[in-house]
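Asker: Input structure: structure.cif, which contains mmCIF, C-alpha atoms and all ligand atoms.
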data_entry
#
loop_
_atom_site.label_atom_id
_atom_site.label_comp_id
_atom_site.auth_asym_id
_atom_site.auth_seq_id
_atom_site.Cartn_x
_atom_site.Cartn_y
_atom_site.Cartn_z
CA MET A 1 -41.01 -44.53 -7.24
CA LYS A 2 -44.37 -42.77 -7.04
CA ALA A 3 -45.09 -39.06 -7.21
CA ALA A 4 -45.62 -37.16 -3.97
CA ALA A 5 -49.27 -36.28 -3.30
CA PHE A 6 -50.55 -33.31 -5.29
CA GLN A 7 -53.84 -31.60 -6.04
CA TYR A 8 -55.19 -31.43 -9.58
CA VAL A 9 -57.39 -28.98 -11.42
CA LYS A 10 -58.55 -28.80 -15.05
CA PRO A 11 -59.67 -25.22 -15.78
CA ARG A 12 -61.88 -24.40 -18.77
CA THR A 13 -60.67 -20.83 -19.30
CA LEU A 14 -57.33 -19.02 -19.34
CA ALA A 15 -58.65 -16.70 -16.59
CA ASP A 16 -59.17 -19.73 -14.34
CA VAL A 17 -55.61 -20.95 -15.11
CA PHE A 18 -54.18 -17.58 -14.11
CA ALA A 19 -56.27 -17.54 -10.90
CA VAL A 20 -54.84 -20.93 -9.82
CA LEU A 21 -51.28 -19.89 -10.77
CA ALA A 22 -51.71 -16.71 -8.68
CA GLU A 23 -53.05 -18.65 -5.70
CA TYR A 24 -50.34 -21.33 -5.62
CA GLU A 25 -47.43 -19.33 -7.08
CA ASP A 26 -44.31 -21.58 -7.19
CA GLY A 27 -46.39 -24.52 -5.89
CA ALA A 28 -48.36 -24.85 -9.15
CA ARG A 29 -47.20 -26.57 -12.36
CA ILE A 30 -48.89 -26.63 -15.73
CA VAL A 31 -49.37 -30.05 -17.28
CA ALA A 32 -50.14 -30.56 -20.98
CA GLY A 33 -49.23 -33.95 -22.50
CA GLY A 34 -47.47 -34.98 -19.27
CA GLN A 35 -44.79 -36.88 -21.20
CA THR A 36 -41.96 -35.14 -19.40
CA LEU A 37 -43.61 -33.73 -16.29
CA LEU A 38 -45.14 -36.98 -15.02
CA ALA A 39 -41.79 -38.77 -15.21
CA THR A 40 -40.14 -35.98 -13.18
CA LEU A 41 -42.94 -36.22 -10.59
CA ASN A 42 -42.54 -39.98 -10.32
CA MET A 43 -38.80 -39.56 -9.85
CA ARG A 44 -39.51 -36.85 -7.24
CA LEU A 45 -37.41 -34.36 -9.19
CA SER A 46 -40.34 -32.01 -8.78
CA GLU A 47 -43.05 -31.95 -6.07
CA PRO A 48 -45.68 -29.34 -6.98
CA GLN A 49 -48.68 -28.86 -4.68
CA MET A 50 -51.05 -28.30 -7.59
CA LEU A 51 -51.11 -29.59 -11.17
CA VAL A 52 -52.97 -27.31 -13.59
CA ASP A 53 -54.11 -29.42 -16.53
CA ILE A 54 -54.54 -27.13 -19.56
CA THR A 55 -55.94 -29.74 -21.95
CA ALA A 56 -59.52 -28.43 -21.66
CA LEU A 57 -58.49 -25.08 -23.18
CA ASP A 58 -59.80 -25.58 -26.72
CA GLY A 59 -58.36 -22.24 -27.85
CA LEU A 60 -54.89 -23.77 -27.56
CA ARG A 61 -55.69 -26.48 -30.12
CA GLY A 62 -55.49 -26.54 -33.89
CA ILE A 63 -53.27 -25.49 -36.77
CA THR A 64 -54.46 -22.49 -38.77
CA VAL A 65 -53.09 -20.96 -41.95
CA GLY A 66 -53.02 -17.17 -42.17
CA GLU A 67 -51.93 -14.96 -45.05
CA HIS A 68 -48.29 -14.94 -43.92
CA ASN A 69 -48.11 -17.30 -40.94
CA LEU A 70 -49.02 -20.71 -39.75
CA ARG A 71 -50.32 -20.71 -36.17
CA ILE A 72 -49.77 -23.91 -34.22
CA GLY A 73 -51.71 -24.13 -30.95
CA ALA A 74 -49.73 -25.10 -27.87
CA LEU A 75 -51.81 -28.27 -27.40
CA VAL A 76 -51.17 -29.61 -30.91
CA THR A 77 -49.44 -32.95 -30.39
CA HIS A 78 -46.22 -34.07 -32.05
CA ALA A 79 -48.29 -36.77 -33.86
CA GLN A 80 -50.73 -34.19 -35.24
CA ILE A 81 -47.77 -32.33 -36.75
CA GLU A 82 -46.43 -35.58 -38.17
CA ASP A 83 -49.81 -36.34 -39.79
CA SER A 84 -50.75 -32.85 -40.96
CA ALA A 85 -51.05 -32.09 -44.68
CA VAL A 86 -51.09 -28.37 -43.79
CA ILE A 87 -47.77 -28.67 -41.96
CA ARG A 88 -46.33 -30.68 -44.83
CA GLU A 89 -47.25 -27.94 -47.29
CA HIS A 90 -46.50 -24.80 -45.29
CA ALA A 91 -43.86 -25.85 -42.75
CA PRO A 92 -42.11 -28.87 -44.31
CA LEU A 93 -39.18 -28.62 -41.87
CA LEU A 94 -41.55 -29.52 -39.01
CA PHE A 95 -43.01 -32.36 -41.08
CA ALA A 96 -39.50 -33.75 -41.62
CA ALA A 97 -38.50 -33.36 -37.97
CA ALA A 98 -41.64 -34.83 -36.35
CA PRO A 99 -40.76 -38.55 -36.69
CA HIS A 100 -37.50 -37.84 -34.84
CA VAL A 101 -39.34 -36.71 -31.67
CA ALA A 102 -39.34 -39.67 -29.27
CA HIS A 103 -41.64 -42.57 -30.24
CA ARG A 104 -45.15 -42.55 -31.69
CA ALA A 105 -46.75 -43.37 -28.30
CA ILE A 106 -45.11 -40.29 -26.79
CA ARG A 107 -45.85 -38.21 -29.88
CA ASN A 108 -49.56 -39.06 -29.46
CA ARG A 109 -49.71 -37.18 -26.14
CA GLY A 110 -46.71 -34.84 -26.00
CA THR A 111 -47.46 -31.30 -27.17
CA PHE A 112 -45.68 -28.75 -29.33
CA GLY A 113 -46.21 -26.03 -26.69
CA GLY A 114 -44.98 -28.33 -23.91
CA SER A 115 -41.74 -28.98 -25.76
CA ILE A 116 -41.25 -25.26 -26.49
CA ALA A 117 -41.95 -24.34 -22.83
CA LEU A 118 -39.70 -27.10 -21.49
CA ALA A 119 -36.76 -25.94 -23.64
CA ASP A 120 -34.84 -29.19 -23.47
CA PRO A 121 -31.53 -28.41 -25.23
CA ALA A 122 -31.62 -31.77 -27.06
CA ALA A 123 -35.22 -31.38 -28.30
CA GLU A 124 -36.18 -30.90 -31.94
CA TRP A 125 -38.93 -28.24 -31.76
CA PRO A 126 -36.96 -25.42 -30.10
CA ALA A 127 -34.23 -25.69 -32.76
CA CYS A 128 -36.82 -25.81 -35.56
CA ALA A 129 -38.55 -22.75 -34.07
CA VAL A 130 -35.31 -20.76 -34.18
CA ALA A 131 -34.45 -22.02 -37.68
CA LEU A 132 -37.90 -20.97 -38.94
CA ASP A 133 -37.75 -17.54 -37.28
CA ALA A 134 -40.87 -18.43 -35.33
CA THR A 135 -42.70 -16.23 -32.84
CA ILE A 136 -43.71 -17.73 -29.51
CA VAL A 137 -47.09 -16.40 -28.38
CA VAL A 138 -47.40 -16.40 -24.60
CA CYS A 139 -50.28 -15.25 -22.42
CA GLY A 140 -50.52 -14.11 -18.81
CA PRO A 141 -52.99 -12.12 -16.70
CA ALA A 142 -51.89 -8.92 -18.47
CA GLY A 143 -52.59 -10.37 -21.93
CA GLU A 144 -50.53 -11.74 -24.82
CA ARG A 145 -46.85 -11.17 -25.60
CA ARG A 146 -45.00 -12.22 -28.76
CA ILE A 147 -41.40 -13.30 -28.37
CA ASP A 148 -38.94 -14.14 -31.19
CA ALA A 149 -37.78 -17.74 -30.87
CA ASP A 150 -34.20 -16.38 -31.01
CA ALA A 151 -34.86 -14.57 -27.70
CA PHE A 152 -37.22 -17.10 -26.10
CA PHE A 153 -34.68 -19.81 -25.21
CA VAL A 154 -32.56 -18.23 -22.51
CA ASP A 155 -30.64 -21.06 -20.85
CA LEU A 156 -30.86 -24.74 -19.91
CA TYR A 157 -34.61 -25.46 -19.45
CA THR A 158 -35.07 -21.70 -19.05
CA THR A 159 -37.17 -19.47 -21.29
CA ALA A 160 -38.43 -15.90 -21.40
CA LEU A 161 -41.78 -17.12 -19.95
CA GLU A 162 -42.82 -15.48 -16.68
CA SER A 163 -44.02 -17.87 -13.96
CA ASN A 164 -47.65 -16.71 -14.43
CA GLU A 165 -47.62 -17.11 -18.23
CA LEU A 166 -48.12 -20.03 -20.58
CA VAL A 167 -47.30 -20.71 -24.19
CA VAL A 168 -50.54 -20.48 -26.17
CA ALA A 169 -49.27 -20.84 -29.75
CA VAL A 170 -46.31 -20.63 -32.07
CA GLU A 171 -46.46 -18.61 -35.29
CA ILE A 172 -44.29 -19.68 -38.19
CA PRO A 173 -43.79 -17.75 -41.45
CA ARG A 174 -45.26 -19.75 -44.33
CA SER A 175 -42.71 -21.45 -46.52
CA GLY A 176 -42.12 -19.47 -49.76
CA PRO A 177 -41.31 -20.82 -53.25
CA ARG A 178 -37.52 -20.40 -52.80
CA ALA A 179 -37.50 -21.70 -49.22
CA ARG A 180 -35.44 -24.80 -48.63
CA PHE A 181 -34.71 -26.75 -45.47
CA ALA A 182 -32.68 -29.64 -44.14
CA PHE A 183 -33.06 -31.56 -40.91
CA ASP A 184 -31.36 -34.52 -39.33
CA GLU A 185 -29.96 -35.74 -36.07
CA LEU A 186 -27.45 -38.28 -34.87
CA THR A 187 -28.77 -40.68 -32.25
CA ARG A 188 -27.76 -44.02 -30.81
CA ARG A 189 -31.22 -45.50 -31.50
CA HIS A 190 -34.21 -44.07 -33.32
CA GLY A 191 -36.40 -42.15 -30.84
CA ASP A 192 -33.56 -41.27 -28.47
CA TYR A 193 -32.80 -37.65 -27.79
CA ALA A 194 -30.21 -36.39 -30.27
CA ILE A 195 -26.49 -36.51 -29.53
CA VAL A 196 -26.26 -33.71 -32.07
CA GLY A 197 -28.99 -32.47 -34.41
CA ALA A 198 -29.42 -29.59 -36.81
CA ALA A 199 -32.18 -27.71 -38.61
CA LEU A 200 -31.15 -25.69 -41.64
CA THR A 201 -33.29 -23.17 -43.53
CA GLY A 202 -32.70 -20.63 -46.29
CA ASN A 203 -33.77 -19.42 -49.71
CA LEU A 204 -32.14 -21.16 -52.66
CA GLU A 205 -31.52 -18.47 -55.28
CA THR A 206 -31.50 -19.19 -59.02
CA ASP A 207 -27.71 -18.72 -59.01
CA GLY A 208 -27.36 -21.48 -56.39
CA ARG A 209 -26.66 -19.31 -53.33
CA LEU A 210 -28.45 -20.01 -50.04
CA THR A 211 -29.58 -16.64 -48.72
CA ALA A 212 -31.21 -15.82 -45.35
CA ALA A 213 -29.76 -19.11 -44.12
CA ARG A 214 -30.10 -20.26 -40.53
CA ALA A 215 -28.27 -23.35 -39.28
CA VAL A 216 -29.42 -24.24 -35.79
CA PHE A 217 -27.84 -27.04 -33.75
CA PHE A 218 -29.36 -28.87 -30.81
CA GLY A 219 -27.84 -31.25 -28.26
CA THR A 220 -24.69 -29.13 -28.33
CA GLY A 221 -25.26 -26.44 -25.68
CA SER A 222 -27.81 -25.16 -23.19
CA VAL A 223 -30.07 -23.64 -25.89
CA PRO A 224 -30.58 -24.14 -29.64
CA GLU A 225 -27.38 -22.76 -31.15
CA ARG A 226 -27.49 -20.70 -34.33
CA ALA A 227 -24.26 -21.06 -36.30
CA ARG A 228 -24.10 -17.42 -37.37
CA SER A 229 -20.51 -17.70 -38.62
CA ILE A 230 -21.54 -19.73 -41.66
CA GLU A 231 -24.61 -17.71 -42.71
CA PRO A 232 -22.83 -14.96 -44.74
CA LEU A 233 -20.63 -17.57 -46.35
CA LEU A 234 -23.62 -19.50 -47.69
CA ALA A 235 -25.11 -16.30 -49.13
CA ALA A 236 -21.86 -15.36 -50.88
CA ALA A 237 -21.34 -18.28 -53.27
CA PRO A 238 -23.30 -21.10 -54.95
CA LEU A 239 -23.82 -24.13 -52.75
CA ASP A 240 -21.19 -26.36 -54.33
CA THR A 241 -18.60 -28.70 -52.84
CA GLN A 242 -16.19 -25.85 -52.19
CA THR A 243 -18.78 -23.71 -50.36
CA ILE A 244 -19.94 -26.70 -48.33
CA ARG A 245 -16.36 -27.51 -47.29
CA ALA A 246 -15.74 -23.88 -46.35
CA ALA A 247 -18.95 -23.78 -44.28
CA VAL A 248 -18.02 -26.95 -42.41
CA GLU A 249 -14.56 -25.53 -41.65
CA ALA A 250 -16.05 -22.21 -40.56
CA LEU A 251 -18.49 -23.80 -38.11
CA GLU A 252 -17.81 -22.32 -34.69
CA LEU A 253 -19.48 -24.39 -32.01
CA GLU A 254 -18.24 -25.00 -28.48
CA PRO A 255 -20.46 -27.95 -27.49
CA SER A 256 -20.75 -29.08 -23.89
CA ALA A 257 -19.81 -32.69 -23.18
CA ASP A 258 -22.61 -34.96 -21.97
CA LEU A 259 -22.42 -38.23 -20.01
CA TYR A 260 -21.33 -40.22 -23.04
CA HIS A 261 -19.74 -37.79 -25.52
CA SER A 262 -16.84 -35.42 -25.15
CA ALA A 263 -17.04 -31.85 -26.44
CA ALA A 264 -14.55 -32.79 -29.19
CA ALA A 265 -16.71 -35.73 -30.33
CA LYS A 266 -19.80 -33.50 -30.47
CA ARG A 267 -17.92 -30.81 -32.41
CA HIS A 268 -16.82 -33.46 -34.91
CA LEU A 269 -20.37 -34.85 -35.20
CA ALA A 270 -21.79 -31.34 -35.72
CA ARG A 271 -19.40 -30.81 -38.63
CA VAL A 272 -20.27 -34.19 -40.15
CA LEU A 273 -23.97 -33.39 -39.85
CA LEU A 274 -23.61 -29.92 -41.38
CA GLY A 275 -21.71 -31.36 -44.35
CA ARG A 276 -24.41 -34.00 -44.91
CA LEU A 277 -27.28 -31.52 -44.66
CA LEU A 278 -25.74 -28.99 -47.03
CA THR A 279 -24.90 -31.74 -49.52
CA ARG A 280 -28.45 -33.09 -49.34
CA LEU A 281 -29.94 -29.65 -49.72
CA ALA A 282 -27.73 -28.86 -52.71
CA ALA A 283 -28.59 -32.21 -54.34
CA ASP A 284 -32.37 -32.33 -54.04
CA GLY A 285 -33.33 -28.90 -52.82
CA THR A 286 -35.29 -30.17 -49.81
CA GLY A 287 -32.79 -31.84 -47.52
CA ALA A 288 -35.42 -33.92 -45.70
CA SER A 289 -34.24 -37.10 -44.06
CA ASP A 290 -36.54 -40.08 -43.98
CA ALA A 291 -36.72 -40.91 -40.30
CA SER A 292 -38.82 -43.97 -41.02
CA HIS A 293 -35.67 -45.56 -42.48
CA GLU A 294 -34.17 -46.97 -39.35
CA GLY A 295 -30.45 -46.30 -39.34
CA ASP A 296 -30.56 -43.29 -41.64
CA SER A 297 -29.62 -40.81 -39.03
CA HIS A 298 -27.91 -42.99 -36.49
CA VAL A 299 -24.28 -42.57 -35.58
CA ARG A 300 -22.11 -44.66 -37.78
C1 LIG A 401 -38.95 -41.83 -23.43
C2 LIG A 401 -39.09 -40.39 -23.87
C3 LIG A 401 -38.38 -39.97 -24.98
C4 LIG A 401 -38.50 -38.64 -25.40
N1 LIG A 401 -37.78 -38.25 -26.50
C5 LIG A 401 -37.90 -36.98 -26.92
C6 LIG A 401 -37.20 -36.54 -28.08
O1 LIG A 401 -36.48 -37.29 -28.75
N2 LIG A 401 -37.35 -35.23 -28.44
C7 LIG A 401 -38.15 -34.37 -27.74
O2 LIG A 401 -38.25 -33.20 -28.11
N3 LIG A 401 -38.85 -34.77 -26.68
C8 LIG A 401 -38.75 -36.05 -26.25
N4 LIG A 401 -39.46 -36.44 -25.16
C9 LIG A 401 -40.31 -35.43 -24.45
C10 LIG A 401 -41.70 -35.33 -25.07
O3 LIG A 401 -41.57 -34.88 -26.40
C11 LIG A 401 -42.60 -34.32 -24.32
O4 LIG A 401 -43.86 -34.54 -24.79
C12 LIG A 401 -42.35 -32.85 -24.48
O5 LIG A 401 -41.07 -32.50 -24.18
C13 LIG A 401 -43.21 -32.02 -23.50
O6 LIG A 401 -44.52 -31.97 -23.95
P1 LIG A 401 -45.73 -32.36 -22.96
O7 LIG A 401 -46.95 -31.79 -23.57
O8 LIG A 401 -45.73 -33.80 -22.66
O9 LIG A 401 -45.37 -31.49 -21.66
P2 LIG A 401 -45.53 -31.78 -20.06
O10 LIG A 401 -44.78 -33.02 -19.73
O11 LIG A 401 -46.99 -31.78 -19.76
O12 LIG A 401 -44.85 -30.51 -19.54
C14 LIG A 401 -43.46 -30.29 -19.71
C15 LIG A 401 -43.09 -28.94 -19.06
O13 LIG A 401 -43.62 -27.87 -19.83
C16 LIG A 401 -44.56 -27.09 -19.05
N5 LIG A 401 -45.65 -26.80 -19.99
C17 LIG A 401 -46.34 -27.67 -20.76
N6 LIG A 401 -47.15 -27.01 -21.60
C18 LIG A 401 -46.96 -25.69 -21.35
C19 LIG A 401 -47.51 -24.50 -21.91
N7 LIG A 401 -48.39 -24.52 -22.92
N8 LIG A 401 -47.09 -23.30 -21.40
C20 LIG A 401 -46.19 -23.25 -20.40
N9 LIG A 401 -45.63 -24.34 -19.83
C21 LIG A 401 -46.02 -25.55 -20.31
C22 LIG A 401 -44.93 -27.97 -17.86
O14 LIG A 401 -45.24 -27.18 -16.71
C23 LIG A 401 -43.63 -28.75 -17.65
O15 LIG A 401 -42.70 -27.98 -16.94
C24 LIG A 401 -39.37 -37.75 -24.70
C25 LIG A 401 -40.11 -38.18 -23.60
C26 LIG A 401 -39.98 -39.50 -23.19
C27 LIG A 401 -40.81 -39.95 -22.00
#
Turn this file's structure into structure tokens for me.
Ligand SMILES: Cc1cc2nc3c(=O)[nH]c(=O)nc-3n(C[C@H](O)[C@H](O)[C@H](O)COP(=O)(O)OP(=O)(O)OC[C@H]3O[C@@H](n4cnc5c(N)ncnc54)[C@H](O)[C@@H]3O)c2cc1C
Answerer:
Amino acid sequence: MKAAAFQYVKPRTLADVFAVLAEYEDGARIVAGGQTLLATLNMRLSEPQMLVDITALDGLRGITVGEHNLRIGALVTHAQIEDSAVIREHAPLLFAAAPHVAHRAIRNRGTFGGSIALADPAAEWPACAVALDATIVVCGPAGERRIDADAFFVDLYTTALESNELVVAVEIPRSGPRARFAFDELTRRHGDYAIVGAALTGNLETDGRLTAARAVFFGTGSVPERARSIEPLLAAAPLDTQTIRAAVEALELEPSADLYHSAAAKRHLARVLLGRLLTRLAADGTGASDASHEGDSHVR
């Protein structure tokens, strides 16, 4: 199928973007990497009158390191994150997760901001943003707003963005010396959206406890799901076999079934994944999976 006819504009300034959004209201759609939007146009799931291409907005590009935060521009591609030494050093969770996002061809064009704005419940970046306590920077005609990732993802493909706003950047606290992370997902084939995935962060104390922990699951509900029930438990005792078993048992998730997996199967897979991630984190202190090893994270 082919997309319905639409008009196209490529503004050079944010003010011009807002002017077009105001003129066309619900008839306008922003396009960044186009890796999701163009498919939905071709399938006629969406028929906007006007596509507003934001890729000429240079202010939305680049990764910058501040004193406390890393700022990732909305137009930074998944591949740029995968290849970035700065991301590897200051936000290693993103570095570990990047190879899991689709395939390299899609990662070359798809953008970080596009994925955050789309809020696909099975996508990697929204869950990582919540796990890293990120701030989503959005901009509209009235100026910038900063929204905690925890509050940004509201429902299935629904965010706190107003219709006349766009995501301009994401700010992520720089990884500290005690910071540890773990990431993995279960998929049928490498590059598929996750059946169940999880991003885990926390500070590994000298006595072995994981404090300020966040375990965020994706592919399980309509938004990234933070498993708050296990967080105090991880802070209370060293991360040994007993604590890991207790955390897995305490995991309270009520996943939605999808076309291929029942809610019970997803709940089971979430527990398996949590056990693996905590074990990996306890063993080597980083918990990174090597997504280039085909089969590592596949369901088995
Ligand atoms: C075969 C295939 C497999 C994929 N697998 C995965 C996967 O495993 N994991 C994953 O996370 N993704 C996956 N994707 C999606 C891909 O990562 C997309 O690139 C990403 O979701 C959206 O980024 P984009 O820049 O292409 O956005 P677009 O397609 O350009 O836009 C997506 C949506 O976001 C809006 N938008 C874009 N940028 C902004 C902005 N800055 N502010 C406000 N709104 C904005 C658009 O209006 C549109 O509604 C896959 C895609 C394909 C085709």
Asker: Compile a residue-level contact table for chain A against ligand LIG 401 (chain A) at a cut-off of 6 Å, reporting for every qualifying residue the shortest atom pair and its distance in Å to one decimal, with all atoms listed in the file counted, rows ordered by chain and ascending number, as CSV.
Answerer:
residue,atom,partner,partner_atom,distance
A:Arg29,CA,A:LIG401,O14,4.8
A:Ile30,CA,A:LIG401,O14,3.8
A:Val31,CA,A:LIG401,O11,3.8
A:Ala32,CA,A:LIG401,O11,3.6
A:Gly33,CA,A:LIG401,O7,3.3
A:Gly34,CA,A:LIG401,O11,3.3
A:Gln35,CA,A:LIG401,O8,3.5
A:Thr36,CA,A:LIG401,O10,3.5
A:Leu37,CA,A:LIG401,O10,3.7
A:Ala74,CA,A:LIG401,N7,5.2
A:Val101,CA,A:LIG401,N2,4.1
A:Ala102,CA,A:LIG401,N1,3.5
A:Gly110,CA,A:LIG401,O4,3.1
A:Thr111,CA,A:LIG401,O7,3.7
A:Gly113,CA,A:LIG401,N7,4.6
A:Gly114,CA,A:LIG401,N6,3.4
A:Ser115,CA,A:LIG401,O5,3.9
A:Ala117,CA,A:LIG401,N9,4.7
A:Leu118,CA,A:LIG401,O13,4.3
A:Ala123,CA,A:LIG401,O2,3.5
A:Glu124,CA,A:LIG401,O2,4.9
A:Leu166,CA,A:LIG401,N8,3.5
A:Val167,CA,A:LIG401,N8,3.8
A:Val168,CA,A:LIG401,N7,5.6
A:Gly191,CA,A:LIG401,O1,5.3
A:Asp192,CA,A:LIG401,O1,4.9
A:Tyr193,CA,A:LIG401,O1,3.8
Asker: Give me the residues near A:Thr206 as a list in words, where near means some atom within 10 Å (using all atoms listed in the file) and where sequence neighbours in that chain fewer than 3 positions away do not count.
Answerer: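 Surrounding residues, per the criterion: Arg178, Asn203, Arg209, Leu210 and Pro238 of chain A.
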Asker: Counting all atoms listed in the file, what is within 8 Å of stretch 136-144 of chain A, bar same-chain residues fewer than 3 positions away, as a PyMOL selection string?
Answerer: chain A and resi 15+18+147-149+152+161+164-171
Asker: Just give me the gap between atom CA of A:Pro92 and atom CA of A:Leu60 in Å, one decimal is fine.
Answerer: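 Those two atoms sit 21.7 Å apart.
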Asker: How far is it from atom CA of A:Val130 to atom CA of A:Gly221, in Å with one decimal?
Answerer: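 Separating atom CA of A:Val130 from atom CA of A:Gly221 is a distance of 14.3 Å.
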Asker: Choose the residue, out of A:Ala198, A:Ala247, A:Ile87, A:Leu233, that has the smallest atom-to-atom separation from A:Ala270; count only C-alpha atoms.
Answerer: A:Ala198
Asker: Within 12 Å of (-40.4, -34.8, -10.5), in the coordinates the file gives, what residues turn up when you count all atoms listed in the file, written out as a PyMOL selection string?
Answerer: chain A and resi 1-6+29+34-49+51
Asker: Pick from A:Leu132, A:Val9, A:Ala264, A:Leu259: nearest to A:Arg214, with only C-alpha atoms counted?
Answerer: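 Checking each of A:Leu132, A:Val9, A:Ala264, A:Leu259 against A:Arg214, counting only C-alpha atoms, the winner is A:Leu132.
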